[in-house]
>>> print(open('run_12.txt').read())   # compact mmCIF, C-alpha atoms and all ligand atoms
# COMPACT_ATOMS: atom_id res chain seq x y z
CA MET A 20 -31.43 10.53 -2.55
CA ASN A 21 -29.88 13.10 -0.20
CA LEU A 22 -27.68 16.04 -1.15
CA THR A 23 -24.43 14.11 -0.62
CA ASN A 24 -25.64 11.37 -2.95
CA ILE A 25 -26.55 13.91 -5.63
CA ASN A 26 -23.09 15.47 -5.43
CA GLU A 27 -21.42 12.04 -5.47
CA THR A 28 -23.46 11.01 -8.50
CA LYS A 29 -22.27 14.12 -10.36
CA GLU A 30 -18.66 13.45 -9.31
CA ILE A 31 -18.90 9.82 -10.48
CA SER A 32 -20.38 10.67 -13.87
CA MET A 33 -17.66 13.28 -14.41
CA ILE A 34 -14.96 10.71 -13.56
CA GLU A 35 -16.48 7.96 -15.66
CA ALA A 36 -16.85 10.37 -18.59
CA VAL A 37 -13.15 11.32 -18.34
CA VAL A 38 -11.94 7.75 -17.87
CA ASP A 39 -14.41 6.27 -20.42
CA THR A 40 -14.83 2.99 -18.58
CA SER A 41 -16.86 1.49 -21.42
CA SER A 42 -13.79 1.11 -23.65
CA ILE A 43 -11.70 -0.22 -20.74
CA LYS A 44 -14.39 -2.84 -20.17
CA LYS A 45 -14.24 -4.04 -23.79
CA VAL A 46 -10.44 -4.34 -23.80
CA ALA A 47 -10.47 -6.08 -20.44
CA ALA A 48 -13.20 -8.48 -21.43
CA ALA A 49 -11.05 -9.61 -24.35
CA GLU A 50 -7.95 -10.05 -22.18
CA ALA A 51 -9.15 -11.38 -18.85
CA PRO A 52 -12.37 -12.72 -17.45
CA ALA A 53 -11.81 -11.00 -14.08
CA ALA A 54 -14.69 -8.96 -12.65
CA ARG A 55 -14.54 -5.26 -13.49
CA TRP A 56 -15.72 -2.64 -11.06
CA SER A 57 -17.07 0.78 -12.01
CA VAL A 58 -16.45 3.66 -9.60
CA ALA A 59 -20.23 3.88 -9.12
CA GLU A 60 -20.45 0.23 -8.05
CA ILE A 61 -17.62 0.75 -5.59
CA VAL A 62 -19.29 3.88 -4.18
CA GLU A 63 -22.44 1.76 -3.68
CA LEU A 64 -20.39 -0.63 -1.57
CA PHE A 65 -19.04 2.29 0.49
CA GLU A 66 -22.61 3.45 1.08
CA LEU A 67 -23.96 0.18 2.46
CA PRO A 68 -24.95 0.17 6.12
CA PHE A 69 -21.74 -0.59 8.05
CA SER A 70 -22.84 -4.07 9.24
CA ASP A 71 -23.97 -5.11 5.75
CA LEU A 72 -20.66 -4.03 4.25
CA ILE A 73 -18.59 -5.86 6.89
CA TYR A 74 -20.76 -8.97 6.51
CA ARG A 75 -20.19 -9.03 2.74
CA ALA A 76 -16.46 -8.52 3.23
CA GLN A 77 -16.32 -11.38 5.77
CA ILE A 78 -18.03 -13.74 3.34
CA VAL A 79 -15.53 -12.92 0.59
CA HIS A 80 -12.65 -13.12 3.07
CA ARG A 81 -13.65 -16.57 4.34
CA GLU A 82 -14.12 -17.87 0.80
CA ASN A 83 -10.54 -16.98 -0.02
CA PHE A 84 -8.43 -17.05 3.16
CA ASP A 85 -8.09 -18.45 6.64
CA PRO A 86 -9.81 -15.54 8.47
CA ASN A 87 -7.52 -15.92 11.49
CA GLN A 88 -4.23 -15.74 9.68
CA VAL A 89 -2.32 -12.50 9.09
CA GLN A 90 0.86 -12.01 7.07
CA VAL A 91 3.54 -9.88 8.78
CA SER A 92 6.10 -7.72 6.99
CA THR A 93 8.83 -5.64 8.59
CA LEU A 94 10.06 -2.44 6.94
CA LEU A 95 13.53 -0.95 6.93
CA SER A 96 14.48 2.39 5.44
CA ILE A 97 17.79 1.55 3.74
CA LYS A 98 18.25 5.11 2.38
CA THR A 99 16.53 7.92 4.17
CA GLY A 100 15.48 11.49 3.29
CA GLY A 101 16.81 14.00 0.78
CA CYS A 102 14.40 12.81 -1.91
CA SER A 103 13.96 15.02 -4.98
CA GLU A 104 10.19 14.31 -5.27
CA ASP A 105 7.41 16.50 -3.88
CA CYS A 106 4.90 13.91 -2.57
CA GLY A 107 2.80 16.10 -0.25
CA TYR A 108 2.50 13.46 2.47
CA CYS A 109 6.15 12.49 2.71
CA PRO A 110 8.58 13.54 5.41
CA GLN A 111 11.52 12.34 3.26
CA SER A 112 11.14 14.93 0.51
CA ALA A 113 14.08 17.36 0.43
CA ARG A 114 11.56 20.12 -0.27
CA TYR A 115 9.99 20.11 3.18
CA GLN A 116 11.42 21.02 6.59
CA THR A 117 10.84 17.93 8.73
CA GLU A 118 12.77 16.24 11.52
CA VAL A 119 13.92 13.37 9.29
CA GLU A 120 17.72 13.02 9.24
CA ASN A 121 19.13 12.12 5.86
CA GLN A 122 21.06 8.87 5.71
CA ASP A 123 23.00 7.41 2.76
CA LEU A 124 22.42 3.85 1.62
CA MET A 125 23.02 1.51 4.57
CA GLN A 126 25.85 -1.02 4.62
CA LEU A 127 24.97 -4.63 3.81
CA GLU A 128 25.83 -5.92 7.31
CA GLU A 129 23.53 -3.40 9.02
CA VAL A 130 20.66 -4.39 6.74
CA LEU A 131 21.26 -8.08 7.40
CA ALA A 132 21.31 -7.51 11.17
CA ALA A 133 17.91 -5.79 10.90
CA ALA A 134 16.54 -8.61 8.75
CA ARG A 135 17.78 -11.22 11.24
CA ALA A 136 16.08 -9.34 14.09
CA ALA A 137 12.85 -9.07 12.07
CA LYS A 138 12.89 -12.81 11.42
CA GLU A 139 13.54 -13.59 15.07
CA SER A 140 10.61 -11.47 16.17
CA GLY A 141 8.27 -13.27 13.77
CA ALA A 142 8.19 -11.41 10.43
CA SER A 143 7.91 -13.51 7.29
CA ARG A 144 8.72 -10.71 4.81
CA PHE A 145 11.38 -8.01 4.92
CA CYS A 146 10.74 -4.85 2.93
CA MET A 147 13.58 -2.47 2.08
CA GLY A 148 12.57 1.12 1.27
CA ALA A 149 14.70 3.85 -0.29
CA ALA A 150 13.91 7.55 -0.67
CA TRP A 151 14.75 7.69 -4.35
CA ARG A 152 12.81 9.00 -7.32
CA SER A 153 14.33 6.09 -9.22
CA PRO A 154 17.48 4.04 -8.49
CA LYS A 155 20.62 4.68 -10.53
CA GLN A 156 22.51 1.57 -11.64
CA ARG A 157 25.23 2.26 -9.04
CA ASP A 158 22.48 2.41 -6.36
CA LEU A 159 20.79 -0.74 -7.53
CA GLU A 160 23.87 -2.98 -7.36
CA PRO A 161 24.32 -2.92 -3.55
CA VAL A 162 20.54 -3.39 -3.18
CA LEU A 163 20.74 -6.56 -5.32
CA ARG A 164 23.26 -7.96 -2.80
CA MET A 165 20.90 -7.10 0.05
CA VAL A 166 18.02 -8.88 -1.67
CA GLN A 167 20.16 -11.99 -2.28
CA GLU A 168 21.35 -12.19 1.31
CA VAL A 169 17.95 -11.48 2.91
CA LYS A 170 16.38 -14.14 0.70
CA ALA A 171 19.11 -16.59 1.75
CA MET A 172 17.99 -16.11 5.38
CA GLY A 173 14.65 -17.66 4.47
CA LEU A 174 12.66 -14.41 4.47
CA GLU A 175 10.43 -13.24 1.65
CA THR A 176 11.93 -10.12 0.09
CA CYS A 177 10.27 -6.86 -0.88
CA ALA A 178 11.73 -3.55 -2.06
CA THR A 179 10.36 -0.08 -2.73
CA LEU A 180 12.94 2.03 -4.53
CA GLY A 181 10.87 4.40 -6.69
CA MET A 182 10.34 4.20 -10.45
CA LEU A 183 12.14 1.40 -12.27
CA LYS A 184 13.77 1.81 -15.66
CA GLU A 185 13.93 -0.79 -18.42
CA GLY A 186 15.82 -3.89 -17.23
CA GLN A 187 15.95 -3.01 -13.51
CA ALA A 188 12.99 -5.20 -12.53
CA GLU A 189 14.68 -8.16 -14.25
CA GLN A 190 17.85 -7.60 -12.21
CA LEU A 191 15.80 -7.53 -9.00
CA LYS A 192 13.99 -10.71 -10.00
CA GLU A 193 17.32 -12.38 -10.72
CA ALA A 194 18.55 -11.41 -7.25
CA GLY A 195 15.53 -13.14 -5.69
CA LEU A 196 13.07 -10.30 -5.13
CA ASP A 197 9.60 -11.66 -4.31
CA TYR A 198 7.58 -8.38 -4.14
CA TYR A 199 8.02 -4.82 -5.39
CA ASN A 200 6.02 -2.09 -3.64
CA HIS A 201 4.99 0.88 -5.73
CA ASN A 202 1.79 2.68 -4.78
CA LEU A 203 -0.73 4.50 -6.95
CA ASP A 204 -1.40 6.50 -3.79
CA THR A 205 -4.81 7.96 -4.76
CA ALA A 206 -7.38 8.34 -7.55
CA PRO A 207 -6.13 9.83 -10.85
CA GLU A 208 -8.37 12.90 -10.31
CA PHE A 209 -6.82 13.77 -6.93
CA TYR A 210 -3.25 12.76 -7.73
CA GLY A 211 -2.20 16.18 -9.08
CA ASP A 212 -3.20 17.80 -5.77
CA VAL A 213 -0.63 15.64 -3.97
CA ILE A 214 2.35 15.08 -6.31
CA SER A 215 3.66 17.03 -9.29
CA THR A 216 7.09 15.49 -9.98
CA ARG A 217 5.90 12.18 -11.47
CA THR A 218 2.70 11.26 -13.26
CA TYR A 219 0.12 8.56 -12.66
CA GLN A 220 1.22 7.00 -15.92
CA ASP A 221 4.85 6.86 -14.67
CA ARG A 222 3.59 4.77 -11.78
CA LEU A 223 1.57 2.48 -14.03
CA ASP A 224 4.65 2.01 -16.25
CA THR A 225 6.76 0.87 -13.29
CA LEU A 226 4.01 -1.51 -12.17
CA GLU A 227 3.91 -2.97 -15.68
CA ARG A 228 7.69 -3.55 -15.59
CA VAL A 229 7.37 -5.34 -12.26
CA ARG A 230 4.59 -7.58 -13.62
CA GLU A 231 6.51 -8.37 -16.78
CA ALA A 232 9.54 -9.40 -14.73
CA ASP A 233 7.30 -11.85 -12.85
CA ILE A 234 7.74 -10.15 -9.48
CA ASN A 235 4.66 -10.02 -7.22
CA VAL A 236 3.05 -6.58 -7.21
CA CYS A 237 2.49 -4.74 -3.93
CA CYS A 238 0.43 -1.66 -4.73
CA GLY A 239 -2.04 0.41 -2.76
CA GLY A 240 -2.47 3.95 -1.57
CA ILE A 241 -3.04 6.45 1.19
CA ILE A 242 -6.39 7.65 2.46
CA GLY A 243 -7.17 10.58 4.74
CA MET A 244 -5.36 13.06 2.47
CA GLY A 245 -8.51 15.19 2.00
CA GLU A 246 -9.84 13.11 -0.92
CA SER A 247 -13.58 12.50 -1.31
CA ARG A 248 -15.27 9.12 -0.88
CA VAL A 249 -15.71 8.94 -4.66
CA GLN A 250 -11.95 9.43 -4.99
CA ARG A 251 -11.29 6.66 -2.47
CA ALA A 252 -13.54 4.49 -4.66
CA GLY A 253 -11.53 5.72 -7.68
CA LEU A 254 -8.28 4.44 -6.14
CA ILE A 255 -9.85 1.05 -5.37
CA ALA A 256 -11.22 0.86 -8.95
CA GLN A 257 -7.74 1.46 -10.37
CA LEU A 258 -6.30 -1.36 -8.26
CA ALA A 259 -9.14 -3.84 -8.69
CA ASN A 260 -9.36 -3.32 -12.46
CA MET A 261 -5.69 -4.01 -13.20
CA SER A 262 -5.43 -6.91 -15.66
CA ARG A 263 -4.10 -8.80 -12.63
CA PRO A 264 -4.88 -7.08 -9.31
CA PRO A 265 -1.86 -6.64 -6.99
CA GLU A 266 -1.02 -9.65 -4.82
CA SER A 267 -0.58 -7.25 -1.92
CA VAL A 268 -2.61 -4.05 -1.36
CA PRO A 269 -1.33 -1.70 1.36
CA ILE A 270 -4.01 0.70 2.60
CA ASN A 271 -2.20 3.48 4.44
CA LEU A 272 -3.89 6.04 6.65
CA LEU A 273 -2.05 9.34 6.17
CA THR A 274 0.51 9.75 8.94
CA GLN A 275 0.59 13.49 9.31
CA VAL A 276 4.11 14.80 9.72
CA GLU A 277 4.87 18.38 10.68
CA GLY A 278 6.48 20.30 7.84
CA THR A 279 4.75 18.35 5.05
CA PRO A 280 2.02 20.10 3.01
CA LEU A 281 -0.61 17.59 4.14
CA HIS A 282 0.04 18.20 7.83
CA GLY A 283 -3.16 19.61 9.34
CA THR A 284 -5.53 17.77 6.96
CA GLU A 285 -8.87 17.00 8.60
CA ALA A 286 -8.73 13.55 10.21
CA LEU A 287 -10.62 10.74 8.49
CA ASP A 288 -13.51 9.05 10.34
CA PRO A 289 -12.03 5.71 11.53
CA PHE A 290 -15.14 3.86 10.27
CA GLU A 291 -14.41 5.22 6.78
CA PHE A 292 -10.96 3.60 7.04
CA VAL A 293 -12.59 0.27 7.97
CA ARG A 294 -15.03 0.69 5.06
CA THR A 295 -12.11 1.18 2.67
CA ILE A 296 -10.53 -2.07 3.88
CA ALA A 297 -13.86 -3.90 3.40
CA VAL A 298 -14.30 -2.49 -0.11
CA ALA A 299 -10.71 -3.50 -1.01
CA ARG A 300 -11.44 -7.03 0.27
CA ILE A 301 -14.67 -7.38 -1.74
CA THR A 302 -13.21 -6.02 -4.98
CA MET A 303 -9.86 -7.85 -4.68
CA PRO A 304 -10.89 -11.19 -3.17
CA ALA A 305 -7.59 -13.00 -3.68
CA SER A 306 -5.23 -10.19 -2.64
CA HIS A 307 -3.61 -9.71 0.74
CA VAL A 308 -5.03 -6.40 2.01
CA ARG A 309 -2.55 -4.70 4.34
CA LEU A 310 -3.55 -2.49 7.23
CA SER A 311 -0.51 -0.25 6.78
CA ALA A 312 0.59 3.20 8.02
CA GLY A 313 -1.57 4.78 10.70
CA ARG A 314 -1.83 1.90 13.18
CA GLN A 315 0.13 3.69 15.90
CA SER A 316 -2.66 6.19 16.41
CA MET A 317 -5.48 3.72 15.66
CA HIS A 318 -7.51 2.26 18.51
CA GLU A 319 -7.10 -1.51 18.81
CA GLY A 320 -10.88 -1.86 18.42
CA ILE A 321 -10.66 -0.22 15.00
CA GLN A 322 -7.73 -2.48 14.05
CA ALA A 323 -9.83 -5.51 15.08
CA LEU A 324 -12.65 -4.21 12.85
CA CYS A 325 -10.13 -3.96 9.99
CA PHE A 326 -9.25 -7.65 10.44
CA ILE A 327 -12.95 -8.54 10.48
CA ALA A 328 -13.37 -6.43 7.31
CA GLY A 329 -10.73 -8.52 5.55
CA ALA A 330 -7.32 -7.04 6.32
CA ASN A 331 -4.88 -9.95 6.46
CA SER A 332 -1.47 -8.34 6.49
CA ILE A 333 0.29 -5.70 8.61
CA PHE A 334 3.60 -3.88 8.93
CA TYR A 335 5.19 -5.21 12.09
CA GLY A 336 7.99 -3.73 14.21
CA GLU A 337 8.25 -0.41 16.01
CA LYS A 338 9.14 1.66 12.95
CA LEU A 339 7.68 2.07 9.46
CA LEU A 340 10.24 4.00 7.39
CA THR A 341 10.72 7.17 9.42
CA THR A 342 7.60 7.21 11.62
CA GLY A 343 6.41 5.01 14.46
CA ASN A 344 4.43 1.79 14.45
CA PRO A 345 3.09 -0.21 17.44
CA GLU A 346 5.69 -2.16 19.48
CA ALA A 347 6.07 -5.78 18.31
CA GLU A 348 5.06 -6.99 21.76
CA ALA A 349 1.82 -4.99 21.68
CA ASP A 350 0.99 -6.55 18.30
CA GLN A 351 1.76 -10.03 19.59
CA GLN A 352 -0.62 -9.41 22.48
CA LEU A 353 -3.30 -8.07 20.13
CA PHE A 354 -2.94 -11.18 17.94
CA ALA A 355 -3.25 -13.42 21.01
CA ARG A 356 -6.32 -11.51 22.23
CA LEU A 357 -7.98 -11.88 18.82
CA GLY A 358 -6.83 -15.48 18.18
CA ILE A 359 -4.85 -14.41 15.11
CA LYS A 360 -1.93 -16.53 13.90
CA PRO A 361 0.89 -14.87 11.98
CA GLU A 362 1.44 -16.58 8.60
CA GLY A 363 4.33 -19.02 8.50
CA HIS A 364 4.19 -19.70 12.28
N1 LIG B 1 10.54 6.53 -2.74
C1 LIG B 1 9.83 5.40 -3.17
C2 LIG B 1 8.51 5.76 -3.81
O1 LIG B 1 7.90 6.76 -3.41
O2 LIG B 1 8.07 5.05 -4.70
C3 LIG B 1 9.61 4.36 -2.10
C4 LIG B 1 9.35 4.78 -0.66
S1 LIG B 1 7.83 5.67 -0.39
C5 LIG B 1 8.10 6.33 1.22
C6 LIG B 1 6.62 4.39 -0.24
C7 LIG B 1 5.19 4.76 0.04
O3 LIG B 1 5.02 5.11 1.40
C8 LIG B 1 4.60 5.94 -0.71
O4 LIG B 1 4.23 5.63 -2.00
C9 LIG B 1 3.38 6.25 0.15
O5 LIG B 1 2.26 5.54 -0.34
C10 LIG B 1 3.77 5.75 1.53
N2 LIG B 1 3.91 6.89 2.47
C11 LIG B 1 4.92 7.78 2.51
N3 LIG B 1 4.72 8.71 3.46
C12 LIG B 1 3.53 8.40 4.05
C13 LIG B 1 2.76 8.99 5.10
N4 LIG B 1 3.16 10.10 5.72
N5 LIG B 1 1.61 8.40 5.46
C14 LIG B 1 1.19 7.27 4.83
N6 LIG B 1 1.88 6.67 3.82
C15 LIG B 1 3.02 7.23 3.44
C1 LIG B 2 3.44 1.33 2.02
O1 LIG B 2 2.39 1.29 1.33
N1 LIG B 2 3.53 1.87 3.22
C2 LIG B 2 4.88 1.77 3.72
C3 LIG B 2 5.59 0.93 2.63
N2 LIG B 2 4.58 0.82 1.62
C4 LIG B 2 6.89 1.33 2.11
C5 LIG B 2 5.50 3.08 4.05
C6 LIG B 2 4.70 3.90 5.02
C7 LIG B 2 5.50 5.13 5.32
C8 LIG B 2 4.92 5.96 6.42
C9 LIG B 2 5.72 7.17 6.67
C10 LIG B 2 7.12 6.92 7.15
O2 LIG B 2 7.35 6.09 8.07
O3 LIG B 2 8.05 7.60 6.65
FE1 LIG B 3 10.47 10.49 -2.30
FE2 LIG B 3 9.06 8.23 -2.11
FE3 LIG B 3 8.79 10.22 -0.30
FE4 LIG B 3 7.83 10.58 -2.73
S1 LIG B 3 7.15 9.04 -1.25
S2 LIG B 3 9.08 12.06 -1.54
S3 LIG B 3 9.35 9.48 -3.95
S4 LIG B 3 10.59 8.99 -0.66
>>> encode(input="run_12.txt", output="structure tokens")
Amino acid sequence: MNLTNINETKEISMIEAVVDTSSIKKVAAAEAPAARWSVAEIVELFELPFSDLIYRAQIVHRENFDPNQVQVSTLLSIKTGGCSEDCGYCPQSARYQTEVENQDLMQLEEVLAAARAAKESGASRFCMGAAWRSPKQRDLEPVLRMVQEVKAMGLETCATLGMLKEGQAEQLKEAGLDYYNHNLDTAPEFYGDVISTRTYQDRLDTLERVREADINVCCGGIIGMGESRVQRAGLIAQLANMSRPPESVPINLLTQVEGTPLHGTEALDPFEFVRTIAVARITMPASHVRLSAGRQSMHEGIQALCFIAGANSIFYGEKLLTTGNPEAEADQQLFARLGIKPEGH
């Protein structure tokens, strides 16, 4: 065992002592037969030789999905900037000086025009994002109309609006919402280094409300924020050990934006990003794993490795929320070069 392994072993035993995985295992065993993953087992996956890890991920991928099919979602920021939260990665927080221009909630017609364009260029899901800590009832009502109308166009609907209060998930379900995106972002142990204005438990509570309202869960995180490999494994363990893992798991590479506290963080080794995708695929065999933020600066060869490692969803269209994404045409060409078919086409 080398020095890194010794340090990782110490870090894992500290985490597993704090989290007390033994009791979680007993509860889970009573509730669901799904496989449970310890952080140590996930770290072992991360540490496999690269080819062995990718091979294992490919096997799991092929057992569960058509390996040449990728789901495509287009994002729209329906309310931009001026957010009260302090998420250290986010250009939309009112606390940081960034180039993002604040914009009130968009009008229905503008949103529908964007959804129509997304559908025409080949997206099958339309995801509406708002820079809110949590929607107020007067904010939620116009969003319910948007969900209804986007759904009526024949697109799958997704929204990410912050924390949901009692009853709000049910209203979204009623309006026709198919997916709600709410990320855990990172491991519990690193979370406090990134965000102070809402707790990990707040996030888990919102995810529980979404599940109970029978809306599909879209939940993942961000890597490349300066977390350790054990902490990346800790995030994956949280997701994979949910009583039902999320249907959709976005793995974002930190997009560094000037003015945010995380700007200037040391860049992550691209192979570590691919490893994270592979580990997500192995531990969440039936979930769609989304290669999310970070593609604009990612070599196409690395993106191809992500698809081989089990990524089967992307954000498509030239903008994420406030930052750039590859041009749709470039993605279409990449799909053609790799023989990938977008889902629903
Ligand atoms: N305000 C809502 C919330 O935070 O729940 C919804 C929108 S928020 C922008 C959605 C997610 O985008 C965050 O949870 C985070 O995972 C991701 N995100 C935000 N800024 C990012 C960045 N600079 N790089 C990568 N992912 C980012
Ligand atoms: C997710 O996991 N990634 C998307 C979506 N869910 C909402 C957002 C990425 C945001 C990247 C920074 C920006 O464009 O503002
Ligand atoms: Fe606000 Fe969401 Fe950005 Fe956090 S991630 S600052 S909650 S918009």
>>> residues_around(input="run_12.txt", residues="Asp224 (chain A)", least_positions_apart="6", cutoff="12 Å", atoms="all atoms listed in the file", output="MDAnalysis selection string")
chainID A and resid 181:185 188 201:203 217:218 230:231
>>> atom_distance(input="run_12.txt", atom1="CA of Arg300 (chain A)", atom2="CA of Thr341 (chain A)")
27.9 Å
>>> residues_near_ligand(input="run_12.txt", ligand="ligand LIG 2 (chain B)", cutoff="6 Å", atoms="all atoms listed in the file", output="list of chain:residue names")
A:Gly148, A:Pro269, A:Asn271, A:Ser311, A:Ala312, A:Leu339, A:Leu340, A:Thr341, A:Thr342
>>> residues_around(input="run_12.txt", residues="region 97-108 of chain A", least_positions_apart="6", cutoff="9 Å", atoms="all atoms listed in the file", output="PyMOL selection string")
chain A and resi 114-115+119-126+130+147-152+162+212-217+244+273-276+279-282+340-341
>>> closest_residue(input="run_12.txt", among="A:Gly253, A:Gly278, A:Pro304, A:Gly245", to="Ala330 (chain A)", atoms="only C-alpha atoms")
A:Pro304
>>> closest_residue(input="run_12.txt", among="A:Arg144, A:Arg356, A:Arg222, A:His307", to="ligand LIG 3 (chain B)", atoms="only C-alpha atoms and all ligand atoms")
A:Arg222
>>> atom_distance(input="run_12.txt", atom1="CA of Gly195 (chain A)", atom2="CA of Leu174 (chain A)")
10.6 Å
>>> closest_residue(input="run_12.txt", among="A:Ala59, A:Ala297, A:Val79, A:Ile241", to="ligand LIG 3 (chain B)", atoms="only C-alpha atoms and all ligand atoms")
A:Ile241
>>> closest_residue(input="run_12.txt", among="A:Ala133, A:Leu180, A:Leu127, A:Val166", to="ligand LIG 3 (chain B)", atoms="all atoms listed in the file")
A:Leu180
>>> residues_around(input="run_12.txt", residues="Leu254 (chain A)", least_positions_apart="4", cutoff="8 Å", atoms="all atoms listed in the file", output="list in words")
Leu203, Asp204, Thr205, Ala206, Pro207, Gly240, Gln250 and Leu258 of chain A
>>> closest_residue(input="run_12.txt", among="A:Gly320, A:Gly243, A:Pro345, A:Pro68", to="ligand LIG 1 (chain B)", atoms="all atoms listed in the file")
A:Gly243
>>> atom_distance(input="run_12.txt", atom1="CA of Cys237 (chain A)", atom2="CA of Gly283 (chain A)")
28.3 Å
>>> closest_residue(input="run_12.txt", among="A:Asn344, A:Gln190, A:Thr284, A:Thr93", to="Ser316 (chain A)", atoms="all atoms listed in the file")
A:Asn344
>>> residues_around(input="run_12.txt", residues="region 255-257 of chain A", least_positions_apart="5", cutoff="12 Å", atoms="all atoms listed in the file", output="PyMOL selection string")
chain A and resi 31+34-35+38+40+43+54-62+64-65+202-208+219-220+222-223+238-242+248-250+262-265+268-270+294-303+308
>>> write_last_selection(input="run_12.txt", atoms="C-alpha atoms", output="short mmCIF file (atom, residue, chain, number, x, y, z; two decimals), in the coordinates of the input")
data_model
loop_
_atom_site.label_atom_id
_atom_site.label_comp_id
_atom_site.auth_asym_id
_atom_site.auth_seq_id
_atom_site.Cartn_x
_atom_site.Cartn_y
_atom_site.Cartn_z
CA ILE A 31 -18.90 9.82 -10.48
CA ILE A 34 -14.96 10.71 -13.56
CA GLU A 35 -16.48 7.96 -15.66
CA VAL A 38 -11.94 7.75 -17.87
CA THR A 40 -14.83 2.99 -18.58
CA ILE A 43 -11.70 -0.22 -20.74
CA ALA A 54 -14.69 -8.96 -12.65
CA ARG A 55 -14.54 -5.26 -13.49
CA TRP A 56 -15.72 -2.64 -11.06
CA SER A 57 -17.07 0.78 -12.01
CA VAL A 58 -16.45 3.66 -9.60
CA ALA A 59 -20.23 3.88 -9.12
CA GLU A 60 -20.45 0.23 -8.05
CA ILE A 61 -17.62 0.75 -5.59
CA VAL A 62 -19.29 3.88 -4.18
CA LEU A 64 -20.39 -0.63 -1.57
CA PHE A 65 -19.04 2.29 0.49
CA ASN A 202 1.79 2.68 -4.78
CA LEU A 203 -0.73 4.50 -6.95
CA ASP A 204 -1.40 6.50 -3.79
CA THR A 205 -4.81 7.96 -4.76
CA ALA A 206 -7.38 8.34 -7.55
CA PRO A 207 -6.13 9.83 -10.85
CA GLU A 208 -8.37 12.90 -10.31
CA TYR A 219 0.12 8.56 -12.66
CA GLN A 220 1.22 7.00 -15.92
CA ARG A 222 3.59 4.77 -11.78
CA LEU A 223 1.57 2.48 -14.03
CA CYS A 238 0.43 -1.66 -4.73
CA GLY A 239 -2.04 0.41 -2.76
CA GLY A 240 -2.47 3.95 -1.57
CA ILE A 241 -3.04 6.45 1.19
CA ILE A 242 -6.39 7.65 2.46
CA ARG A 248 -15.27 9.12 -0.88
CA VAL A 249 -15.71 8.94 -4.66
CA GLN A 250 -11.95 9.43 -4.99
CA SER A 262 -5.43 -6.91 -15.66
CA ARG A 263 -4.10 -8.80 -12.63
CA PRO A 264 -4.88 -7.08 -9.31
CA PRO A 265 -1.86 -6.64 -6.99
CA VAL A 268 -2.61 -4.05 -1.36
CA PRO A 269 -1.33 -1.70 1.36
CA ILE A 270 -4.01 0.70 2.60
CA ARG A 294 -15.03 0.69 5.06
CA THR A 295 -12.11 1.18 2.67
CA ILE A 296 -10.53 -2.07 3.88
CA ALA A 297 -13.86 -3.90 3.40
CA VAL A 298 -14.30 -2.49 -0.11
CA ALA A 299 -10.71 -3.50 -1.01
CA ARG A 300 -11.44 -7.03 0.27
CA ILE A 301 -14.67 -7.38 -1.74
CA THR A 302 -13.21 -6.02 -4.98
CA MET A 303 -9.86 -7.85 -4.68
CA VAL A 308 -5.03 -6.40 2.01
#
>>> axis_aligned_box(input="run_12.txt", around="region 145-157 of chain A", padding_each_side="3 Å", output="JSON")
{"center_x": 18.0, "center_y": 0.5, "center_z": -3.4, "size_x": 20.5, "size_y": 23.0, "size_z": 22.6}
